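Down below is the structure, laid out as structure tokens.
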Amino acid sequence: MKRNLLWRGLLILGLLALSVFLAYPPGEKINLGLDLQGGMHMVLQVHTEDALRAETDADMERLLRQATEAKLAGVDGRRTGDTVFEIVSPAPEAQGQIADLAERYLGARWSSTRQGNRTVFTMSATEIAAIREGATNQARQTIDNRINQYGVAEPDIRTASGHRVVVQLPGVDDPERIRRLIKNVAFLEFRLVRFPQGGGGVPSREAIVSNFGGRLPENLEILEGDLRDADKNVVGEQYYAVEKRRTVTGRDLKNARVGQGQFRDPVVEFSFSPAGAEAFGELTGNNVGSGLAIVLDGRVVSAPRINSRISDSGIIEGGFDPDEAQDLSMVLKSGALPAGLTVLEERTVGPSLGRESIRNGIISGLIGTALVILYIMIVYNLSGLNAVAALGLSLVLLMGGLAAFNATLTLPGIAGILLTIGMAVDANVLIFERIREELHAGRSIRSSVDLGFEKALSSIIDSNVTTLIAALFLFQFGTGPIKGFAVTLTIGLLASMFTAIFVSRWLFDAFLSRVRVQRLSI
């Protein structure tokens with residue numbers, strides 16, 4: 001019996017020492033959530049259709065290049081949907097060759113159907129799902145790269161269901177700069193300008209539509225851009241008719257940095273990856289004399305005239321001030337997003353409010369714990385010391401668990417700690433009441449303690465397991481503070497079950513083995 005007590009005691013002591021080692025000092029070992037130390041929380045929706053359109057345009061352009069190399073005359077193509085494009089050829093016999101080229105260079109990603117002189121290509125459902133998932137993951141990684149360049153400590157950036165990215169940045173001291181850095185999604189595209197010829201813009205959409213006889217061709221769309229005066233000040237809007245086809249995008253960039261333009265104004269210089277340089281060289285070489293729209297987040301930044309073939313580098317001019325140019329180069333260099341983003345949710349908590357939350361949480365926790373201890377001591381006399389010791393150990397184990405799993409303590413997490421205290425005491429109440437019943441039935445002290453723990457065990461496990469299931473659902477489907485509550489509650493429940501069933505029993509056994517007790521104060 002004594003040997004058994006010794007090993008159980010050493011186990012308890014070891015867990016206590018390990019928890020203290022993991023959690024001390026708590027200011028350094030316990031991560032605090034946004035609501036306790038201040039920071040930013042954002043939920044971003046990834047527009048995966050942008051990635052689908054870019055992928056469709058890239059594959060269509062690839063097929064057209066192969067058709068040109070195969071000397072198929074009069075072949076043209078256009079995208080008719082996010083995941084659909086068609087190849088048109090005046091020669092019926094060319095359709096079979098186009099199908100062969102598609103099978104060779106595009107593989108099983110596309111299915112095709114022939115409709116007269118047109119072959120319609122539709123992206124497979126598997127490929128659509130993969131591109132959407134890849135775009136979401138790439139957006140998360142890109143945002144992570146940008147935040148790391150800014151230097152935020154321990155950011156939490158992860159994907160969520162519905163192609164969303166959740167961004168949590170604790171301890172941010174300049175929320176406005178972070179907000180600009182994330183919202184500046186920098187979805188960069190290079191598109192050919194079909195009107196007006198040679199670049200530049202026109203003052204209205206109507207002027208573009210009337211140029212095409214009142215109906216805009218299906219392969220074109222109208223984009224807006226800023227109209228600036230000689231001093232680079234925005235004085236209005238101008239419009240461009242550009243091709244829908246995206247031959248080159250920001251994904252093809254290798255590097256970007258701030259430079260100086262012709263009049264010593266800030267510009268962004270960029271260079272392409274080898275594959276991007278080849279595609280850009282072909283785009284500019286085949287369209288000398290046309291305008292090339294540099295499109296950033298759906299707006300035309302500039303539309304210079306293509307004077308010669310350009311392959312590996314270029315500049316973006318847009319009347320930037322030094323900070324704007326620096327931020328744009330940063331987001332492009334850290335990785336261009338594969339798709340646009342929309343901010344669905346945003347909130348900022350100041351550090352002073354976080355400190356106030358911590359203070360109020362500690363006060364409420366101390367008051368609640370003191371009331372519980374007072375109650376248990378009044379109702380169960382000296383036996384209440386057993387429950388108090390088990391309660392104290394469960395709190396130490398809880399803090400050690402939070403530190404061990406690198407969990408984040410939030411304000412709802414403090415509420416989870418208080419709930420844990422209540423459930424830990426509840427388990428001891430069940431045990432003590434069962435011991436009382438056995439004592440009133442005339443059983444011995446040792447027998448009453450044994451039967452009390454045995455009969456209370458099933459009730460304790462049932463109540464805690466059902467709460468654990470609820471906590472797991474909260475963790476799975478919740479975000480931010482809700483997850484913080486679920487994590488704290490889960491660790492706390494496991495700690496309280498261990499202390500109520502194992503530690504409390506050891507305390508009773510240790511006491512009864514050393515003292516000849518005539519009456520148990522309970």
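Simple scheme: letters A, B, ... for chains in structure tokens order, numbers from 1 for residues in each chain, numbers from 1 for ligands in the order shown.
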
With a cut-off of 10 Å, could you pull out the residues of region 233-262 of chain A touching region 190-209 of chain A and give me the nearest pair of atoms for each, distance in Å to one decimal, using only C-alpha atoms, ordered by chain and ascending number, as a tab-separated table?
residue	atom	partner	partner_atom	distance
A:Gly236	CA	A:Pro203	CA	8.6
A:Glu237	CA	A:Pro203	CA	6.7
A:Gln238	CA	A:Pro203	CA	4.8
A:Tyr239	CA	A:Gly201	CA	5.1
A:Tyr240	CA	A:Gly201	CA	5.3
A:Ala241	CA	A:Phe195	CA	5.1
A:Val242	CA	A:Val193	CA	4.4
A:Glu243	CA	A:Leu192	CA	5.7
A:Lys244	CA	A:Arg191	CA	7.5
A:Arg245	CA	A:Arg191	CA	7.0
A:Arg246	CA	A:Arg191	CA	6.1
A:Thr247	CA	A:Phe190	CA	7.0
A:Val248	CA	A:Phe190	CA	5.6
A:Thr249	CA	A:Phe190	CA	6.1
A:Gly250	CA	A:Phe190	CA	8.5

Leu395 (chain A) environment, 12 Å, only C-alpha atoms, sequence neighbours closer than 6 positions dropped, as a ChimeraX atom specification: /A:16,19-20,23,365,369,388-389,401-402,414,416-422,424,488-489,491-499

Pick out the residues sitting within 10 Å of region 259-262 of chain A, and hand them over as a PyMOL selection string; count only C-alpha atoms, and ignore anything fewer than 2 positions along from it in its own chain. chain A and resi 256-257+264-270+315-317+322+325-326+329

Which of these residues is nearest to Ser504 (chain A), using only C-alpha atoms: A:Pro412, A:Pro25, A:Gly392, A:Gly171?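 Checking each of A:Pro412, A:Pro25, A:Gly392, A:Gly171 against Ser504 (chain A), counting only C-alpha atoms, the winner is A:Gly392.
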
Any idea what's packed within 9 Å of Thr80 (chain A), counting only C-alpha atoms, ignoring anything in its chain fewer than 4 positions away? Could you give it as a PDB file with N, CA and C atoms, in the first residue's frame?
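For reference, around.pdb as written:
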ATOM      1  N   VAL A  84     -13.982  28.144 -69.025  1.00  0.00           N
ATOM      2  CA  VAL A  84     -14.346  27.713 -70.383  1.00  0.00           C
ATOM      3  C   VAL A  84     -13.686  28.645 -71.394  1.00  0.00           C
ATOM      4  N   PHE A  85     -13.095  28.079 -72.429  1.00  0.00           N
ATOM      5  CA  PHE A  85     -12.623  28.876 -73.560  1.00  0.00           C
ATOM      6  C   PHE A  85     -12.875  28.114 -74.847  1.00  0.00           C
ATOM      7  N   GLU A  86     -12.837  28.845 -75.948  1.00  0.00           N
ATOM      8  CA  GLU A  86     -13.071  28.218 -77.243  1.00  0.00           C
ATOM      9  C   GLU A  86     -11.985  28.625 -78.228  1.00  0.00           C
ATOM     10  N   GLU A 218     -16.945  40.434 -77.330  1.00  0.00           N
ATOM     11  CA  GLU A 218     -16.973  39.561 -76.158  1.00  0.00           C
ATOM     12  C   GLU A 218     -15.592  39.322 -75.558  1.00  0.00           C
ATOM     13  N   ASN A 219     -14.549  39.496 -76.360  1.00  0.00           N
ATOM     14  CA  ASN A 219     -13.209  39.245 -75.835  1.00  0.00           C
ATOM     15  C   ASN A 219     -12.586  40.480 -75.169  1.00  0.00           C
TER      16      ASN A 219
END

Tell me which of A:Arg78, A:Ser448, A:Arg146, A:Arg299 sits closest to Arg179 (chain A), counting only C-alpha atoms. A:Arg146

I'd like to know which residues of region 109-222 of chain A are strand (DSSP E) (by DSSP, run on the backbone); could you write them as an NGL selection string? :A and (110-115 or 118-123 or 156-160 or 164-170 or 188-195 or 220-222)

Alpha helix (DSSP H) per DSSP on the backbone: members of region 190-416 of chain A, as JSON, numbers by chain: {"A": [205, 206, 207, 208, 209, 210, 211, 274, 275, 276, 277, 278, 279, 280, 281, 282, 283, 284, 285, 322, 323, 324, 325, 326, 327, 328, 329, 330, 331, 332, 333, 351, 352, 353, 354, 355, 356, 357, 358, 359, 360, 361, 362, 363, 364, 365, 366, 367, 368, 369, 370, 371, 372, 373, 374, 375, 376, 377, 378, 379, 380, 384, 385, 386, 387, 388, 389, 390, 391, 392, 393, 394, 395, 396, 397, 398, 399, 400, 401, 402, 403, 404, 411, 412, 413, 414, 415, 416]}

Between CA of Ala73 (chain A) and CA of Ile87 (chain A), distance in Å (one decimal): 12.3 Å

May I ask which of the residues A:Gly214, A:Gly9, A:Gly96, A:Gly77 is the closest one to Arg62 (chain A), counting only C-alpha atoms?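 Closest to Arg62 (chain A), using only C-alpha atoms: A:Gly77.
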
Pick out the residues sitting within 12 Å of Phe121 (chain A), and hand them over as JSON, numbers by chain; count only C-alpha atoms, and ignore anything fewer than 5 positions along from it in its own chain. {"A": [56, 57, 59, 60, 63, 77, 78, 79, 80, 81, 82, 83, 84, 85, 86, 87, 88, 98, 99, 102, 103, 106, 107, 108, 109, 110, 111, 112, 113, 114, 115]}

Find the residues around Met40 (chain A) up to 8 Å (only C-alpha atoms counted), leave out those fewer than 6 positions away in its own chain, and share them as an MDAnalysis selection string. chainID A and resid 34 167:170 172 175 346:349

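A straight line drawn from CA of Val301 (chain A) to CA of Gly225 (chain A) is 6.1 Å long.
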
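Residues in contact range of Thr284 (chain A), defined as at most 8 Å between only C-alpha atoms, with sequence neighbours fewer than 2 positions away removed, read Phe280, Gly281, Glu282, Asn286, Asn287, Val288, Ile306, Ser308, Arg309, Ile310 and Ser311 of chain A.
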
For each of A:Asp174, A:Glu69, A:Glu133, A:Asp297, take the minimum atom-to-atom distance to Leu341 (chain A), counting only C-alpha atoms, then give the residue where this is smallest. A:Asp297

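With distances restricted to only C-alpha atoms, A:Leu451 is the closest residue to Glu438 (chain A) from A:Leu366, A:Ala277, A:Ile178, A:Leu451.
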